[in-house]
Amino acid sequence: MNRAGEDMDALTEKRPKILIADDDPAVVKALSYRCEKMGFAIDTANNGIQMLLKARRTAPDLMIVDVNMPKLDGLTASFHLLDQGGHSLDILVVTGSSDEMTIERCEAMGLFYARKGPEFWIDLKAALTEIFPQMSEAIAAQSDTLAGLPELVPNRPRVLIVDDDEQVGAFLASRLNKLGVEVLYAPSAAQALRLAAKRHPSVVVTDYHMPQGGAEFLITRLRASPETAAIPVLILSERDFDKVSAQALTREVMGHAGAVKIFKKSFDVSELFQTIQDFCAFDSSPAAH
């Protein structure tokens, strides 16, 4: 390696490391972009288990952790990590809710706290400045420069429903909205591709057969773009698939998974919603909303 490369590696090593753990790709993208511009080295995780493994391996200076994540929630994962001791670590907990119990748990554990929404970037800036006072000028400068980004951070999980039957879209949207999920709707694959690239949903739920391009077309196009390649896709269908057809739909496409799972259309959406929750955790009790 030449001297220039060695100097670049040394500069990278000196940058404070932030591990961002959130199951929502829109939040991860917005936070990663902004924090990188401020001068931080960024790593990401999309669930609590992955967060624990990466934190133990890479020893970040700060973790920005979502509360509701699949497999293991952010607060529990943070507790396990802090309980084991080890290197000094700051944690900023973020959530879309204003639950007082969550705030109390953060305070009891000595964690920073920020709520997704209009004040999110203000809270983030304040926490980063307190944790990294030596970077206060860079943090302030980038906060002003990137003032137009708050809309990129949704305060609820985001699911894209794709179906040419508007009644199906309305039925699923109504159920998901009651669970605190933000629902996007597209009546065609072409509109779904534009929405996915712009709004970065955590999950896409699509009808198998649509007149202007069905699920196979949509998956191929999603996987062809770096912006949407990793978004999980669930398929809804009126008919049953044999084993060979199902395997064709779930096979890898351009290095990424095809359909995660295929569901028969039904008024019983419990299994579908449980699978959605595996990718974007939400409170499954309607009473909570």
# chains A, B, ... in the order shown; residues from 1 in each chain; ligands from 1
>>> residues_around(residues="Arg115 of chain A", least_positions_apart="5", cutoff="6 Å", atoms="only C-alpha atoms", output="ChimeraX atom specification")
/A:94-96,120
>>> select_by_dssp(residues="segment 36-244 of chain A", states="helix (DSSP H, G or I)", output="PyMOL selection string")
chain A and resi 36-38+48-58+74-83+100-109+120-131+133-145+150-152+166-178+189-199+215-224+243-244
>>> closest_residue(among="A:Asp268, A:Asp83, A:Glu100, A:Asp278", to="Leu172 of chain A", atoms="only C-alpha atoms")
A:Asp268
>>> select_by_dssp(residues="segment 22-56 of chain A", states="strand (DSSP E or B)", output="list of chain:residue names")
A:Ala41, A:Ile42, A:Asp43, A:Thr44, A:Ala45
>>> closest_residue(among="A:Ile276, A:Leu222, A:Ala197, A:Ser237", to="Ala257 of chain A", atoms="only C-alpha atoms")
A:Leu222
>>> residues_around(residues="segment 122-126 of chain A", least_positions_apart="3", cutoff="9 Å", atoms="only C-alpha atoms", output="VMD selection string")
chain A and resid 92 113 to 115 118 to 119 129 to 131 136 139 to 140 143
>>> residues_around(residues="Phe171 of chain A", least_positions_apart="3", cutoff="12 Å", atoms="only C-alpha atoms", output="PyMOL selection string")
chain A and resi 161+163+165-168+174-178+183+185+265-269
>>> residues_around(residues="Val28 of chain A", least_positions_apart="4", cutoff="12 Å", atoms="only C-alpha atoms", output="PyMOL selection string")
chain A and resi 18-24+32-36+42-47+64-66+94+152-154+200-202
>>> write_last_selection(atoms="N, CA and C atoms", output="PDB file, in the first residue's frame")
ATOM      1  N   ILE A  18     -19.979   4.984  14.404  1.00  0.00           N
ATOM      2  CA  ILE A  18     -21.380   4.901  14.803  1.00  0.00           C
ATOM      3  C   ILE A  18     -22.003   3.670  14.168  1.00  0.00           C
ATOM      4  N   LEU A  19     -22.666   2.861  14.985  1.00  0.00           N
ATOM      5  CA  LEU A  19     -23.436   1.729  14.485  1.00  0.00           C
ATOM      6  C   LEU A  19     -24.911   2.108  14.531  1.00  0.00           C
ATOM      7  N   ILE A  20     -25.556   2.141  13.369  1.00  0.00           N
ATOM      8  CA  ILE A  20     -26.972   2.497  13.263  1.00  0.00           C
ATOM      9  C   ILE A  20     -27.779   1.216  13.129  1.00  0.00           C
ATOM     10  N   ALA A  21     -28.687   0.988  14.073  1.00  0.00           N
ATOM     11  CA  ALA A  21     -29.503  -0.235  14.063  1.00  0.00           C
ATOM     12  C   ALA A  21     -30.974   0.140  13.943  1.00  0.00           C
ATOM     13  N   ASP A  22     -31.564  -0.136  12.792  1.00  0.00           N
ATOM     14  CA  ASP A  22     -32.970   0.177  12.546  1.00  0.00           C
ATOM     15  C   ASP A  22     -33.464  -0.728  11.434  1.00  0.00           C
ATOM     16  N   ASP A  23     -34.693  -1.223  11.559  1.00  0.00           N
ATOM     17  CA  ASP A  23     -35.246  -2.108  10.538  1.00  0.00           C
ATOM     18  C   ASP A  23     -35.847  -1.338   9.365  1.00  0.00           C
ATOM     19  N   ASP A  24     -35.912  -0.020   9.465  1.00  0.00           N
ATOM     20  CA  ASP A  24     -36.498   0.795   8.395  1.00  0.00           C
ATOM     21  C   ASP A  24     -35.385   1.333   7.501  1.00  0.00           C
ATOM     22  N   SER A  32     -27.389   7.458   7.959  1.00  0.00           N
ATOM     23  CA  SER A  32     -26.052   7.166   7.441  1.00  0.00           C
ATOM     24  C   SER A  32     -25.515   8.335   6.623  1.00  0.00           C
ATOM     25  N   TYR A  33     -26.353   8.875   5.751  1.00  0.00           N
ATOM     26  CA  TYR A  33     -25.925   9.985   4.895  1.00  0.00           C
ATOM     27  C   TYR A  33     -25.514  11.196   5.723  1.00  0.00           C
ATOM     28  N   ARG A  34     -26.366  11.555   6.678  1.00  0.00           N
ATOM     29  CA  ARG A  34     -26.091  12.749   7.468  1.00  0.00           C
ATOM     30  C   ARG A  34     -24.864  12.564   8.350  1.00  0.00           C
ATOM     31  N   CYS A  35     -24.763  11.424   9.013  1.00  0.00           N
ATOM     32  CA  CYS A  35     -23.641  11.198   9.937  1.00  0.00           C
ATOM     33  C   CYS A  35     -22.316  11.065   9.199  1.00  0.00           C
ATOM     34  N   GLU A  36     -22.340  10.474   8.011  1.00  0.00           N
ATOM     35  CA  GLU A  36     -21.116  10.409   7.204  1.00  0.00           C
ATOM     36  C   GLU A  36     -20.659  11.804   6.816  1.00  0.00           C
ATOM     37  N   ILE A  42     -19.498   4.862   9.534  1.00  0.00           N
ATOM     38  CA  ILE A  42     -20.829   4.291   9.758  1.00  0.00           C
ATOM     39  C   ILE A  42     -20.862   2.800   9.464  1.00  0.00           C
ATOM     40  N   ASP A  43     -21.534   2.054  10.328  1.00  0.00           N
ATOM     41  CA  ASP A  43     -21.898   0.673  10.067  1.00  0.00           C
ATOM     42  C   ASP A  43     -23.387   0.554  10.398  1.00  0.00           C
ATOM     43  N   THR A  44     -24.066  -0.437   9.836  1.00  0.00           N
ATOM     44  CA  THR A  44     -25.515  -0.547  10.042  1.00  0.00           C
ATOM     45  C   THR A  44     -25.919  -1.974  10.389  1.00  0.00           C
ATOM     46  N   ALA A  45     -27.082  -2.082  11.032  1.00  0.00           N
ATOM     47  CA  ALA A  45     -27.703  -3.370  11.347  1.00  0.00           C
ATOM     48  C   ALA A  45     -29.203  -3.198  11.209  1.00  0.00           C
ATOM     49  N   ASN A  46     -29.914  -4.276  10.816  1.00  0.00           N
ATOM     50  CA  ASN A  46     -31.360  -4.141  10.613  1.00  0.00           C
ATOM     51  C   ASN A  46     -32.201  -4.920  11.620  1.00  0.00           C
ATOM     52  N   ASN A  47     -31.555  -5.490  12.650  1.00  0.00           N
ATOM     53  CA  ASN A  47     -32.300  -6.104  13.745  1.00  0.00           C
ATOM     54  C   ASN A  47     -31.421  -6.174  14.983  1.00  0.00           C
ATOM     55  N   ILE A  64     -26.833   4.130  17.465  1.00  0.00           N
ATOM     56  CA  ILE A  64     -28.141   4.763  17.319  1.00  0.00           C
ATOM     57  C   ILE A  64     -29.115   3.618  17.082  1.00  0.00           C
ATOM     58  N   VAL A  65     -30.015   3.391  18.039  1.00  0.00           N
ATOM     59  CA  VAL A  65     -30.772   2.149  18.108  1.00  0.00           C
ATOM     60  C   VAL A  65     -32.276   2.408  18.075  1.00  0.00           C
ATOM     61  N   ASP A  66     -32.968   1.750  17.154  1.00  0.00           N
ATOM     62  CA  ASP A  66     -34.430   1.800  17.121  1.00  0.00           C
ATOM     63  C   ASP A  66     -34.982   0.905  18.233  1.00  0.00           C
ATOM     64  N   VAL A  94     -33.872   5.622  19.572  1.00  0.00           N
ATOM     65  CA  VAL A  94     -34.868   6.356  18.792  1.00  0.00           C
ATOM     66  C   VAL A  94     -36.125   5.505  18.655  1.00  0.00           C
ATOM     67  N   LEU A 152     -37.245  12.552   5.352  1.00  0.00           N
ATOM     68  CA  LEU A 152     -36.778  11.227   5.012  1.00  0.00           C
ATOM     69  C   LEU A 152     -36.898  10.246   6.170  1.00  0.00           C
ATOM     70  N   VAL A 153     -37.152  10.737   7.373  1.00  0.00           N
ATOM     71  CA  VAL A 153     -37.220   9.866   8.539  1.00  0.00           C
ATOM     72  C   VAL A 153     -38.677   9.668   8.951  1.00  0.00           C
ATOM     73  N   PRO A 154     -39.280   8.561   8.556  1.00  0.00           N
ATOM     74  CA  PRO A 154     -40.663   8.312   8.956  1.00  0.00           C
ATOM     75  C   PRO A 154     -40.738   7.974  10.438  1.00  0.00           C
ATOM     76  N   HIS A 200     -38.732   4.450   0.084  1.00  0.00           N
ATOM     77  CA  HIS A 200     -37.964   3.419   0.794  1.00  0.00           C
ATOM     78  C   HIS A 200     -38.791   2.635   1.819  1.00  0.00           C
ATOM     79  N   PRO A 201     -39.791   1.890   1.385  1.00  0.00           N
ATOM     80  CA  PRO A 201     -40.576   1.097   2.341  1.00  0.00           C
ATOM     81  C   PRO A 201     -39.742  -0.018   2.954  1.00  0.00           C
ATOM     82  N   SER A 202     -40.147  -0.468   4.139  1.00  0.00           N
ATOM     83  CA  SER A 202     -39.462  -1.588   4.784  1.00  0.00           C
ATOM     84  C   SER A 202     -39.831  -2.908   4.133  1.00  0.00           C
TER      85      SER A 202
END
>>> atom_distance(atom1="atom CA of Ala186 of chain A", atom2="atom CA of Val67 of chain A")
28.9 Å
>>> closest_residue(among="A:Leu62, A:Leu72, A:Ala170, A:Ala230", to="Ile91 of chain A", atoms="only C-alpha atoms")
A:Leu62
>>> closest_residue(among="A:Met38, A:Arg105, A:Ala26, A:Pro16", to="Met63 of chain A", atoms="only C-alpha atoms")
A:Pro16
>>> closest_residue(among="A:Asp99, A:Ile49, A:Pro211, A:Gln247", to="Gly74 of chain A", atoms="only C-alpha atoms")
A:Ile49
>>> residues_around(residues="Met210 of chain A", least_positions_apart="6", cutoff="9 Å", atoms="only C-alpha atoms", output="ChimeraX atom specification")
/A:163-164,187-189
